[in-house]
>>> print(open('target-v1.txt').read())   # compact mmCIF, C-alpha atoms
# COMPACT_ATOMS: atom_id res chain seq x y z
CA MET A 1168 -13.91 13.39 2.37
CA TYR A 1169 -13.43 9.78 1.35
CA ILE A 1170 -11.99 7.58 4.11
CA ILE A 1171 -9.42 5.19 2.68
CA GLU A 1172 -8.20 3.54 5.85
CA HIS A 1173 -9.42 3.42 9.43
CA ASN A 1174 -7.71 1.18 11.97
CA GLU A 1175 -5.96 1.18 15.37
CA GLY A 1176 -3.18 3.35 13.92
CA GLY A 1177 -5.57 6.15 12.92
CA SER A 1178 -7.47 7.20 9.83
CA LEU A 1179 -6.53 8.43 6.37
CA GLY A 1180 -8.73 10.01 3.73
CA VAL A 1181 -8.80 12.42 0.80
CA VAL A 1182 -10.91 15.42 -0.08
CA LEU A 1183 -12.65 14.53 -3.35
CA ASN A 1184 -13.62 17.96 -4.66
CA ARG A 1185 -10.52 20.22 -4.55
CA PRO A 1186 -8.89 20.40 -7.97
CA SER A 1187 -5.51 22.08 -8.26
CA GLU A 1188 -4.20 23.97 -11.27
CA ALA A 1189 -1.72 21.20 -12.11
CA THR A 1190 -2.68 18.50 -14.59
CA VAL A 1191 -1.95 14.80 -14.19
CA GLU A 1192 -0.07 15.08 -17.51
CA ASP A 1193 2.29 17.63 -15.92
CA VAL A 1194 2.93 15.61 -12.77
CA LEU A 1195 2.50 11.93 -13.72
CA PRO A 1196 2.33 11.71 -17.53
CA ARG A 1197 2.26 7.89 -17.55
CA TRP A 1198 -1.11 8.00 -15.77
CA SER A 1199 -2.74 10.90 -17.63
CA GLU A 1200 -4.74 8.77 -20.07
CA LEU A 1201 -6.42 6.95 -17.18
CA ALA A 1202 -7.23 10.10 -15.22
CA ALA A 1203 -10.93 10.87 -14.95
CA THR A 1204 -12.20 14.19 -16.27
CA PRO A 1205 -11.09 16.75 -15.32
CA ALA A 1206 -7.59 15.29 -15.58
CA THR A 1207 -6.15 17.56 -12.92
CA LEU A 1208 -4.26 16.80 -9.76
CA PHE A 1209 -6.56 17.14 -6.75
CA VAL A 1210 -5.58 18.41 -3.31
CA GLY A 1211 -6.34 15.45 -1.06
CA GLY A 1212 -5.56 17.21 2.20
CA PRO A 1213 -2.96 19.10 4.19
CA VAL A 1214 -0.65 16.19 5.01
CA LYS A 1215 2.33 15.41 2.73
CA ARG A 1216 1.21 17.49 -0.24
CA GLU A 1217 4.44 16.57 -2.00
CA ALA A 1218 3.29 12.93 -2.11
CA ALA A 1219 0.71 11.56 -4.56
CA LEU A 1220 -2.04 9.12 -3.68
CA CYS A 1221 -4.34 7.58 -6.27
CA LEU A 1222 -7.87 6.15 -6.13
CA GLY A 1223 -9.39 4.21 -8.98
CA THR A 1224 -12.75 2.66 -9.77
CA LEU A 1225 -12.72 -0.87 -11.13
CA ARG A 1226 -14.81 -1.89 -14.11
CA VAL A 1227 -17.82 -4.02 -13.17
CA GLY A 1228 -16.94 -7.70 -12.78
CA VAL A 1229 -13.16 -7.25 -12.75
CA SER A 1230 -11.05 -9.30 -10.35
CA ILE A 1231 -7.85 -7.81 -8.98
CA GLN A 1232 -6.64 -10.95 -7.25
CA GLY A 1233 -2.96 -11.34 -8.03
CA VAL A 1234 -2.72 -7.96 -9.79
CA PRO A 1235 0.22 -6.00 -8.42
CA GLY A 1236 -0.38 -2.30 -7.89
CA LEU A 1237 -4.02 -2.43 -6.83
CA ARG A 1238 -5.42 -2.67 -3.29
CA ARG A 1239 -9.15 -2.86 -2.68
CA ILE A 1240 -10.51 -0.13 -0.43
CA ASP A 1241 -14.25 -0.80 -0.65
CA GLY A 1242 -16.31 -2.51 -3.33
CA ARG A 1243 -14.98 -1.34 -6.69
CA VAL A 1244 -12.80 1.44 -5.25
CA VAL A 1245 -9.08 0.66 -5.18
CA LEU A 1246 -5.86 2.33 -4.15
CA VAL A 1247 -3.52 2.45 -7.14
CA ASP A 1248 0.23 2.16 -6.69
CA LEU A 1249 1.65 4.86 -8.95
CA ASP A 1250 4.87 2.84 -9.31
CA ALA A 1251 2.88 0.06 -11.03
CA ASP A 1252 2.58 -0.40 -14.80
CA PRO A 1253 -0.32 1.76 -16.08
CA GLU A 1254 -0.69 -0.41 -19.19
CA ARG A 1255 -1.40 -3.48 -17.05
CA ILE A 1256 -3.86 -1.63 -14.84
CA ALA A 1257 -5.67 0.39 -17.56
CA PRO A 1258 -8.01 -2.40 -18.75
CA LEU A 1259 -9.21 -2.94 -15.18
CA LEU A 1260 -10.24 0.63 -14.37
CA GLU A 1261 -13.08 2.94 -15.35
CA GLY A 1262 -10.84 5.79 -14.30
CA LEU A 1263 -8.65 7.15 -11.55
CA ARG A 1264 -8.04 10.32 -9.61
CA VAL A 1265 -4.62 11.48 -8.33
CA PHE A 1266 -4.41 13.44 -5.07
CA ALA A 1267 -1.57 15.54 -3.69
CA GLY A 1268 -1.58 14.98 0.05
CA TYR A 1269 -4.19 13.50 2.32
CA ALA A 1270 -6.09 14.13 5.53
CA GLY A 1271 -5.05 12.15 8.57
CA TRP A 1272 -6.25 11.55 12.10
CA THR A 1273 -4.41 9.93 15.00
CA PHE A 1274 -5.96 7.00 16.87
CA GLY A 1275 -9.25 8.10 18.43
CA GLN A 1276 -9.21 11.58 16.89
CA LEU A 1277 -11.76 10.86 14.16
CA GLU A 1278 -13.99 8.99 16.60
CA GLY A 1279 -14.04 12.09 18.80
CA GLU A 1280 -15.02 14.26 15.84
CA LEU A 1281 -17.79 11.81 14.96
CA GLN A 1282 -19.09 11.86 18.55
CA ASN A 1283 -19.21 15.68 18.33
CA ASN A 1284 -21.27 15.36 15.11
CA ASP A 1285 -18.53 17.19 13.18
CA TRP A 1286 -19.06 14.88 10.20
CA ILE A 1287 -21.99 13.48 8.25
CA VAL A 1288 -21.19 9.85 7.48
CA VAL A 1289 -22.74 8.35 4.35
CA SER A 1290 -21.84 5.55 1.97
CA ALA A 1291 -20.08 6.37 -1.27
CA LEU A 1292 -20.79 5.06 -4.73
CA PRO A 1293 -17.87 3.56 -6.69
CA SER A 1294 -18.19 6.49 -9.10
CA ASP A 1295 -17.77 9.20 -6.43
CA PRO A 1296 -13.94 9.27 -6.42
CA ILE A 1297 -13.84 9.74 -10.21
CA SER A 1298 -16.99 11.82 -10.67
CA ALA A 1299 -16.64 14.53 -13.32
CA ASP A 1300 -19.01 16.91 -11.53
CA ARG A 1301 -16.64 17.96 -8.77
CA ALA A 1302 -18.28 21.29 -7.92
CA ASP A 1303 -21.56 19.70 -6.86
CA LEU A 1304 -20.28 16.35 -5.58
CA TRP A 1305 -21.25 17.15 -1.98
CA ALA A 1306 -24.78 18.14 -3.03
CA ASP A 1307 -25.07 15.06 -5.27
CA VAL A 1308 -24.09 12.76 -2.40
CA LEU A 1309 -26.57 14.46 -0.07
CA ARG A 1310 -29.42 14.24 -2.61
CA ARG A 1311 -29.02 10.43 -2.58
CA GLN A 1312 -29.70 10.30 1.16
CA PRO A 1313 -33.10 9.81 2.80
CA LEU A 1314 -34.99 12.77 4.25
CA PRO A 1315 -34.20 14.95 6.16
CA LEU A 1316 -30.51 14.60 5.26
CA SER A 1317 -31.17 15.12 1.54
CA LEU A 1318 -32.52 18.60 2.32
CA LEU A 1319 -28.96 19.71 3.14
CA ALA A 1320 -28.19 19.52 -0.59
CA THR A 1321 -30.00 22.85 -0.98
CA HIS A 1322 -28.41 24.45 2.07
CA PRO A 1323 -26.43 27.62 1.29
CA ILE A 1324 -22.66 27.37 1.76
CA GLU A 1325 -22.59 30.72 3.54
CA LEU A 1326 -25.50 30.95 5.97
CA GLU A 1327 -25.29 34.75 6.05
CA ARG A 1328 -26.35 34.82 2.41
CA ASN A 1329 -29.58 32.97 3.08
>>> encode(input="target-v1.txt", output="C-alpha cells")
Amino acid sequence: MYIIEHNEGGSLGVVLNRPSEATVEDVLPRWSELAATPATLFVGGPVKREAALCLGTLRVGVSIQGVPGLRRIDGRVVLVDLDADPERIAPLLEGLRVFAGYAGWTFGQLEGELQNNDWIVVSALPSDPISADRADLWADVLRRQPLPLSLLATHPIELERN
C-alpha cells in the first residue's frame, strides 16, 4: 500500500502490486507509452474501481513548478492528472502506473489500524510505484529494512505451509 494523502479528511492510498488483465493501451491509450512495465492497469483498491488514478516518478533533477497536471506526493513521486497532455509530461517522468480504484480510510480509521499494529510502516523509494518486479515488491521493500524487519521478506505467505 502506498499512501498518497493523509489529512484531517482521512487517508487515501493504492495497492502497488495487483495487476489486472487490462492494459493501459486498452483503457488510456494516450498514456500507454509512459506506462512502466508491465503496462497493465493495476487494481489500486476497492473504492471507485471505475475511476483511474495515476502515480508517476519524476526524473532526477526535474522541477514541476508551474507544470499543470502534476502534483508532488513525496520526493520524486507525483500524482498525474490523466486529463493533462501526456506529451508535455513525458519528458519529466521515468514512468507512471495507472490504478483502477483506491483504498480509503475515514478520519481516524487508519490511525486506529496503526495503533493495532495492523500495518508495517516503512518509507518508499521513488522507484517503488513503477517497479517492474511487482510479484516480489513487498519482499523487496522488506529486505531494505533493518533487522529484524528484513527477516519478514522470507516469511511464507501462508503460514500453514511452513
>>> closest_residue(input="target-v1.txt", among="A:Val1214, A:Leu1281, A:Leu1222, A:Leu1208", to="Val1245 of chain A", atoms="all atoms listed in the file")
A:Leu1222
>>> closest_atom_pairs(input="target-v1.txt", of="segment 1259-1315 of chain A", to="segment 1176-1198 of chain A", cutoff="6 Å", atoms="all atoms listed in the file", output="JSON lines")
{"residue": "A:Tyr1269", "atom": "CA", "partner": "A:Val1181", "partner_atom": "CA", "distance": 5.0}
{"residue": "A:Ala1270", "atom": "CA", "partner": "A:Gly1180", "partner_atom": "CA", "distance": 5.2}
{"residue": "A:Gly1271", "atom": "CA", "partner": "A:Leu1179", "partner_atom": "CA", "distance": 4.6}
{"residue": "A:Trp1272", "atom": "CA", "partner": "A:Ser1178", "partner_atom": "CA", "distance": 5.1}
{"residue": "A:Thr1273", "atom": "CA", "partner": "A:Gly1177", "partner_atom": "CA", "distance": 4.5}
{"residue": "A:Phe1274", "atom": "CA", "partner": "A:Gly1177", "partner_atom": "CA", "distance": 4.1}
{"residue": "A:Arg1301", "atom": "CA", "partner": "A:Asn1184", "partner_atom": "CA", "distance": 5.1}
>>> atom_distance(input="target-v1.txt", atom1="atom CA of Ile1256 of chain A", atom2="atom CA of Ala1218 of chain A")
20.6 Å
>>> closest_residue(input="target-v1.txt", among="A:Ile1171, A:Ile1287, A:Leu1263, A:Leu1314", to="Ala1299 of chain A", atoms="only C-alpha atoms")
A:Leu1263
>>> closest_residue(input="target-v1.txt", among="A:Thr1224, A:Gln1276, A:Ser1317, A:Gln1232", to="Leu1246 of chain A", atoms="all atoms listed in the file")
A:Thr1224
>>> residues_near_point(input="target-v1.txt", point="(-7.2, 3.9, -10.7)", cutoff="12 Å", atoms="only C-alpha atoms", output="ChimeraX atom specification")
/A:1198-1203,1220-1226,1231,1236-1240,1243-1249,1251-1266,1293-1294,1296-1297
>>> atom_distance(input="target-v1.txt", atom1="atom CA of Gln1282 of chain A", atom2="atom CA of Pro1315 of chain A")
19.8 Å
>>> closest_residue(input="target-v1.txt", among="A:Pro1323, A:Leu1277, A:Ser1290, A:Ile1170", to="Arg1311 of chain A", atoms="all atoms listed in the file")
A:Ser1290
>>> closest_residue(input="target-v1.txt", among="A:Ala1267, A:Val1289, A:Asn1174, A:Asp1295", to="Pro1213 of chain A", atoms="all atoms listed in the file")
A:Ala1267
>>> atom_distance(input="target-v1.txt", atom1="atom CA of Glu1172 of chain A", atom2="atom CA of Phe1209 of chain A")
18.6 Å
